[in-house]
Amino acid sequence: MVDDEATTQTGNTVREYRTEELAEAAGIPVRTLRFYRERKLLPPPRREGRIAWYDDHHLARLRTIAALLERGHTLGGIAELTAAFENGRDVGQLGELLGIGWSEETPVRLTPEALADHFEGEVTPENLAAALDLGYIATDGDAIVHVSRRLLEVSSALVREGVPLPAVLETGRLVREHADTLAALFTELISTHIGDDALTRLRPLAKSVVEAELTMAMDRLHQQRQHPSPQPRHAP
């Protein structure tokens, strides 16, 4: 691969790829790349005469497409999602497309390079596919959108502390399952005894209960690990 570089208006240099080079980097045939381009799954390349120049944003998009396809998404669905982003859907509509309510969380737009900086050495196609499957990230034009600034910061902090990103993502998946169960419990409680109109107003109470119970549960577990109960002796 030829490491061609171009200078942006901000003075930064970016790696650029000819069509064949980009296809090789993405691990797909050239005809597939051209098909994606025709389907408008890729933004237009930079033109220099008859030469089309792509950059790392195009490569990140191709890897995202591959991860979505691996997880069972159709090209039609990916095209719809891409078109929605590029036509300026707001974050609420984006949440609907991803099947996740944005609620109080603040989504974060990142370049592929910025995402890599958060998880240095851990942004692999496998981890990207897992994050997409969880609904943590999606593409927005040339950028990547993380659904929650809080989750992004916690995940990257755990990775910096030495927890492998796959373990963080798997834990996130398990937490999601338990969170769905807790949400169902409180929704049923409030809806049955007060009404659906009170769900938003009383949500902070549910969050306080969950936080308090989680804190106490971790305290109990810590005590058990620090002072394990003696194992009973068995008669010979």
# chains A, B, ... in the order shown; residues from 1 in each chain; ligands from 1
>>> residues_around(residues="stretch 182-190 of chain A", least_positions_apart="4", cutoff="12 Å", atoms="only C-alpha atoms", output="PyMOL selection string")
chain A and resi 175-178+194-211+213-214
>>> select_by_dssp(residues="stretch 1-231 of chain A", states="strand (DSSP E)", output="list in words")
Asp4, Glu5, Ala6, Thr7, Thr13, Val14, Arg15, Glu16, Tyr17, Arg46, Arg47, Glu48, Ile51, Ala52, Trp53, Tyr54, Asp55, Val108, Arg109, Leu110, Ile137, Ala138, Thr139, Asp140, Ala143, Ile144, Val145 and His146 of chain A
>>> write_last_selection(atoms="N, CA, C and O atoms", output="CSV table (one decimal), in the first residue's frame")
chain,number,residue,atom,x,y,z
A,4,ASP,N,0.1,7.6,0.8
A,4,ASP,CA,0.0,9.0,0.3
A,4,ASP,C,-0.7,9.9,1.4
A,4,ASP,O,-1.5,9.4,2.1
A,5,GLU,N,-0.3,11.1,1.4
A,5,GLU,CA,-0.8,12.0,2.4
A,5,GLU,C,-1.3,13.3,1.7
A,5,GLU,O,-0.7,13.7,0.7
A,6,ALA,N,-2.3,13.9,2.3
A,6,ALA,CA,-2.8,15.2,1.8
A,6,ALA,C,-2.9,16.1,3.0
A,6,ALA,O,-3.0,15.7,4.2
A,7,THR,N,-2.8,17.4,2.8
A,7,THR,CA,-2.9,18.4,3.8
A,7,THR,C,-4.3,19.0,3.8
A,7,THR,O,-4.8,19.5,2.8
A,13,THR,N,-2.3,16.5,8.3
A,13,THR,CA,-2.1,15.6,7.2
A,13,THR,C,-2.9,14.4,7.4
A,13,THR,O,-3.1,13.9,8.6
A,14,VAL,N,-3.5,13.8,6.3
A,14,VAL,CA,-4.3,12.6,6.4
A,14,VAL,C,-3.8,11.6,5.4
A,14,VAL,O,-3.4,12.0,4.3
A,15,ARG,N,-3.9,10.4,5.7
A,15,ARG,CA,-3.5,9.3,4.8
A,15,ARG,C,-4.6,9.2,3.7
A,15,ARG,O,-5.8,9.2,4.0
A,16,GLU,N,-4.2,9.1,2.5
A,16,GLU,CA,-5.2,8.9,1.4
A,16,GLU,C,-4.9,7.6,0.7
A,16,GLU,O,-3.7,7.1,0.7
A,17,TYR,N,-5.9,7.0,0.0
A,17,TYR,CA,-5.8,5.8,-0.6
A,17,TYR,C,-6.5,5.9,-2.0
A,17,TYR,O,-7.5,6.5,-2.2
A,46,ARG,N,-12.2,12.4,-2.8
A,46,ARG,CA,-11.6,13.7,-3.4
A,46,ARG,C,-11.1,13.3,-4.8
A,46,ARG,O,-10.5,12.3,-5.0
A,47,ARG,N,-11.4,14.2,-5.7
A,47,ARG,CA,-11.0,14.0,-7.1
A,47,ARG,C,-9.8,14.8,-7.4
A,47,ARG,O,-9.7,16.0,-7.1
A,48,GLU,N,-8.9,14.2,-8.1
A,48,GLU,CA,-7.7,14.9,-8.6
A,48,GLU,C,-7.5,14.4,-10.0
A,48,GLU,O,-6.9,13.3,-10.3
A,51,ILE,N,-8.3,10.6,-10.9
A,51,ILE,CA,-7.9,9.8,-9.7
A,51,ILE,C,-8.9,10.1,-8.6
A,51,ILE,O,-9.1,11.3,-8.2
A,52,ALA,N,-9.5,9.1,-8.0
A,52,ALA,CA,-10.3,9.2,-6.8
A,52,ALA,C,-9.4,8.9,-5.5
A,52,ALA,O,-8.8,7.9,-5.5
A,53,TRP,N,-9.4,9.8,-4.6
A,53,TRP,CA,-8.7,9.7,-3.4
A,53,TRP,C,-9.6,9.5,-2.2
A,53,TRP,O,-10.5,10.4,-1.9
A,54,TYR,N,-9.4,8.4,-1.4
A,54,TYR,CA,-10.2,8.2,-0.2
A,54,TYR,C,-9.2,8.3,1.0
A,54,TYR,O,-8.0,8.4,0.8
A,55,ASP,N,-9.9,8.5,2.2
A,55,ASP,CA,-9.0,8.7,3.4
A,55,ASP,C,-9.5,7.7,4.5
A,55,ASP,O,-10.3,6.8,4.2
A,108,VAL,N,-22.2,11.6,21.8
A,108,VAL,CA,-20.9,12.2,21.5
A,108,VAL,C,-20.5,11.9,20.1
A,108,VAL,O,-20.5,10.7,19.7
A,109,ARG,N,-20.2,12.9,19.3
A,109,ARG,CA,-19.7,12.7,17.9
A,109,ARG,C,-18.2,12.6,18.0
A,109,ARG,O,-17.5,13.4,18.6
A,110,LEU,N,-17.6,11.6,17.4
A,110,LEU,CA,-16.2,11.3,17.4
A,110,LEU,C,-15.7,11.0,16.0
A,110,LEU,O,-16.4,10.4,15.2
A,137,ILE,N,-22.5,2.5,19.5
A,137,ILE,CA,-22.0,3.4,18.5
A,137,ILE,C,-22.8,3.3,17.2
A,137,ILE,O,-23.4,2.2,17.0
A,138,ALA,N,-22.7,4.3,16.4
A,138,ALA,CA,-23.3,4.3,15.0
A,138,ALA,C,-22.5,5.3,14.2
A,138,ALA,O,-21.7,6.1,14.7
A,139,THR,N,-22.7,5.2,12.9
A,139,THR,CA,-22.0,6.2,12.0
A,139,THR,C,-22.9,7.4,11.8
A,139,THR,O,-24.1,7.2,11.7
A,140,ASP,N,-22.3,8.5,11.6
A,140,ASP,CA,-23.0,9.7,11.2
A,140,ASP,C,-22.1,10.5,10.2
A,140,ASP,O,-21.3,11.2,10.6
A,143,ALA,N,-18.4,10.7,10.8
A,143,ALA,CA,-18.1,10.6,12.2
A,143,ALA,C,-18.7,9.3,12.8
A,143,ALA,O,-19.5,8.6,12.1
A,144,ILE,N,-18.4,9.1,14.0
A,144,ILE,CA,-19.0,8.0,14.8
A,144,ILE,C,-19.7,8.7,16.0
A,144,ILE,O,-19.2,9.6,16.6
A,145,VAL,N,-20.9,8.2,16.3
A,145,VAL,CA,-21.7,8.7,17.4
A,145,VAL,C,-21.8,7.6,18.5
A,145,VAL,O,-22.2,6.5,18.2
A,146,HIS,N,-21.3,8.0,19.7
A,146,HIS,CA,-21.5,7.2,20.8
A,146,HIS,C,-22.8,7.6,21.6
A,146,HIS,O,-23.0,8.8,21.7
>>> closest_residue(among="A:Thr181, A:Thr171, A:Thr64, A:Thr106", to="A:Val123", atoms="only C-alpha atoms")
A:Thr64
>>> closest_residue(among="A:Leu22, A:Ile28, A:Ala116, A:Ala217", to="A:Val159", atoms="only C-alpha atoms")
A:Ala116
>>> closest_residue(among="A:Arg173, A:Glu105, A:Glu21, A:Ala79", to="A:Val147", atoms="only C-alpha atoms")
A:Glu105
>>> closest_residue(among="A:Thr19, A:Gly49, A:Ala25, A:Asn127", to="A:Arg37", atoms="only C-alpha atoms")
A:Thr19
>>> decode(residues="stretch 159-172 of chain A", atoms="all heavy atoms", output="mmCIF file, in the first residue's frame")
data_model
loop_
_atom_site.group_PDB
_atom_site.id
_atom_site.type_symbol
_atom_site.label_atom_id
_atom_site.label_comp_id
_atom_site.auth_asym_id
_atom_site.auth_seq_id
_atom_site.Cartn_x
_atom_site.Cartn_y
_atom_site.Cartn_z
ATOM 1 N N VAL A 159 -10.746 0.756 30.519
ATOM 2 C CA VAL A 159 -9.695 0.264 29.634
ATOM 3 C C VAL A 159 -8.339 0.833 30.054
ATOM 4 O O VAL A 159 -7.328 0.128 30.066
ATOM 5 C CB VAL A 159 -10.018 0.616 28.167
ATOM 6 C CG1 VAL A 159 -8.821 0.329 27.258
ATOM 7 C CG2 VAL A 159 -11.232 -0.189 27.687
ATOM 8 N N ARG A 160 -8.312 2.120 30.410
ATOM 9 C CA ARG A 160 -7.049 2.725 30.866
ATOM 10 C C ARG A 160 -6.548 2.068 32.144
ATOM 11 O O ARG A 160 -5.346 2.001 32.392
ATOM 12 C CB ARG A 160 -7.232 4.228 31.086
ATOM 13 C CG ARG A 160 -7.351 5.039 29.810
ATOM 14 C CD ARG A 160 -7.146 6.527 30.082
ATOM 15 N NE ARG A 160 -8.129 7.040 31.034
ATOM 16 C CZ ARG A 160 -9.313 7.519 30.697
ATOM 17 N NH1 ARG A 160 -9.694 7.520 29.419
ATOM 18 N NH2 ARG A 160 -10.149 7.983 31.619
ATOM 19 N N GLU A 161 -7.476 1.581 32.974
ATOM 20 C CA GLU A 161 -7.086 0.907 34.212
ATOM 21 C C GLU A 161 -6.588 -0.510 33.969
ATOM 22 O O GLU A 161 -6.075 -1.158 34.880
ATOM 23 C CB GLU A 161 -8.265 0.874 35.189
ATOM 24 C CG GLU A 161 -8.636 2.230 35.770
ATOM 25 C CD GLU A 161 -7.606 2.740 36.763
ATOM 26 O OE1 GLU A 161 -6.863 1.912 37.331
ATOM 27 O OE2 GLU A 161 -7.540 3.969 36.963
ATOM 28 N N GLY A 162 -6.774 -1.001 32.739
ATOM 29 C CA GLY A 162 -6.256 -2.324 32.415
ATOM 30 C C GLY A 162 -7.297 -3.383 32.104
ATOM 31 O O GLY A 162 -6.937 -4.551 31.877
ATOM 32 N N VAL A 163 -8.583 -3.007 32.094
ATOM 33 C CA VAL A 163 -9.627 -3.978 31.751
ATOM 34 C C VAL A 163 -9.724 -4.067 30.232
ATOM 35 O O VAL A 163 -9.895 -3.051 29.566
ATOM 36 C CB VAL A 163 -10.989 -3.569 32.337
ATOM 37 C CG1 VAL A 163 -12.046 -4.621 31.995
ATOM 38 C CG2 VAL A 163 -10.890 -3.378 33.848
ATOM 39 N N PRO A 164 -9.615 -5.251 29.638
ATOM 40 C CA PRO A 164 -9.710 -5.355 28.176
ATOM 41 C C PRO A 164 -11.076 -4.883 27.682
ATOM 42 O O PRO A 164 -12.105 -5.122 28.325
ATOM 43 C CB PRO A 164 -9.517 -6.859 27.909
ATOM 44 C CG PRO A 164 -8.845 -7.384 29.137
ATOM 45 C CD PRO A 164 -9.352 -6.560 30.279
ATOM 46 N N LEU A 165 -11.077 -4.208 26.539
ATOM 47 C CA LEU A 165 -12.328 -3.690 26.003
ATOM 48 C C LEU A 165 -13.369 -4.784 25.755
ATOM 49 O O LEU A 165 -14.556 -4.569 26.024
ATOM 50 C CB LEU A 165 -12.065 -2.897 24.719
ATOM 51 C CG LEU A 165 -13.281 -2.229 24.075
ATOM 52 C CD1 LEU A 165 -14.022 -1.339 25.066
ATOM 53 C CD2 LEU A 165 -12.859 -1.431 22.847
ATOM 54 N N PRO A 166 -12.995 -5.985 25.246
ATOM 55 C CA PRO A 166 -14.021 -7.021 25.090
ATOM 56 C C PRO A 166 -14.727 -7.357 26.402
ATOM 57 O O PRO A 166 -15.936 -7.606 26.412
ATOM 58 C CB PRO A 166 -13.223 -8.219 24.560
ATOM 59 C CG PRO A 166 -12.047 -7.623 23.866
ATOM 60 C CD PRO A 166 -11.696 -6.416 24.685
ATOM 61 N N ALA A 167 -13.988 -7.362 27.517
ATOM 62 C CA ALA A 167 -14.593 -7.638 28.817
ATOM 63 C C ALA A 167 -15.530 -6.515 29.235
ATOM 64 O O ALA A 167 -16.596 -6.751 29.819
ATOM 65 C CB ALA A 167 -13.507 -7.846 29.875
ATOM 66 N N VAL A 168 -15.143 -5.279 28.935
ATOM 67 C CA VAL A 168 -16.002 -4.125 29.237
ATOM 68 C C VAL A 168 -17.311 -4.223 28.459
ATOM 69 O O VAL A 168 -18.401 -4.013 29.000
ATOM 70 C CB VAL A 168 -15.276 -2.807 28.910
ATOM 71 C CG1 VAL A 168 -16.229 -1.612 29.035
ATOM 72 C CG2 VAL A 168 -14.071 -2.611 29.829
ATOM 73 N N LEU A 169 -17.210 -4.560 27.175
ATOM 74 C CA LEU A 169 -18.406 -4.657 26.334
ATOM 75 C C LEU A 169 -19.302 -5.810 26.760
ATOM 76 O O LEU A 169 -20.529 -5.687 26.758
ATOM 77 C CB LEU A 169 -17.996 -4.801 24.865
ATOM 78 C CG LEU A 169 -17.307 -3.586 24.253
ATOM 79 C CD1 LEU A 169 -16.767 -3.914 22.870
ATOM 80 C CD2 LEU A 169 -18.258 -2.395 24.183
ATOM 81 N N GLU A 170 -18.699 -6.941 27.123
ATOM 82 C CA GLU A 170 -19.511 -8.071 27.580
ATOM 83 C C GLU A 170 -20.222 -7.736 28.887
ATOM 84 O O GLU A 170 -21.391 -8.091 29.083
ATOM 85 C CB GLU A 170 -18.627 -9.313 27.754
ATOM 86 C CG GLU A 170 -19.339 -10.528 28.355
ATOM 87 C CD GLU A 170 -20.511 -11.018 27.534
ATOM 88 O OE1 GLU A 170 -20.630 -10.642 26.340
ATOM 89 O OE2 GLU A 170 -21.333 -11.787 28.079
ATOM 90 N N THR A 171 -19.530 -7.035 29.775
ATOM 91 C CA THR A 171 -20.172 -6.602 31.016
ATOM 92 C C THR A 171 -21.308 -5.631 30.713
ATOM 93 O O THR A 171 -22.372 -5.690 31.336
ATOM 94 C CB THR A 171 -19.139 -5.945 31.951
ATOM 95 O OG1 THR A 171 -18.118 -6.890 32.270
ATOM 96 C CG2 THR A 171 -19.789 -5.471 33.237
ATOM 97 N N GLY A 172 -21.084 -4.749 29.739
ATOM 98 C CA GLY A 172 -22.145 -3.831 29.334
ATOM 99 C C GLY A 172 -23.377 -4.572 28.836
ATOM 100 O O GLY A 172 -24.515 -4.180 29.123
#
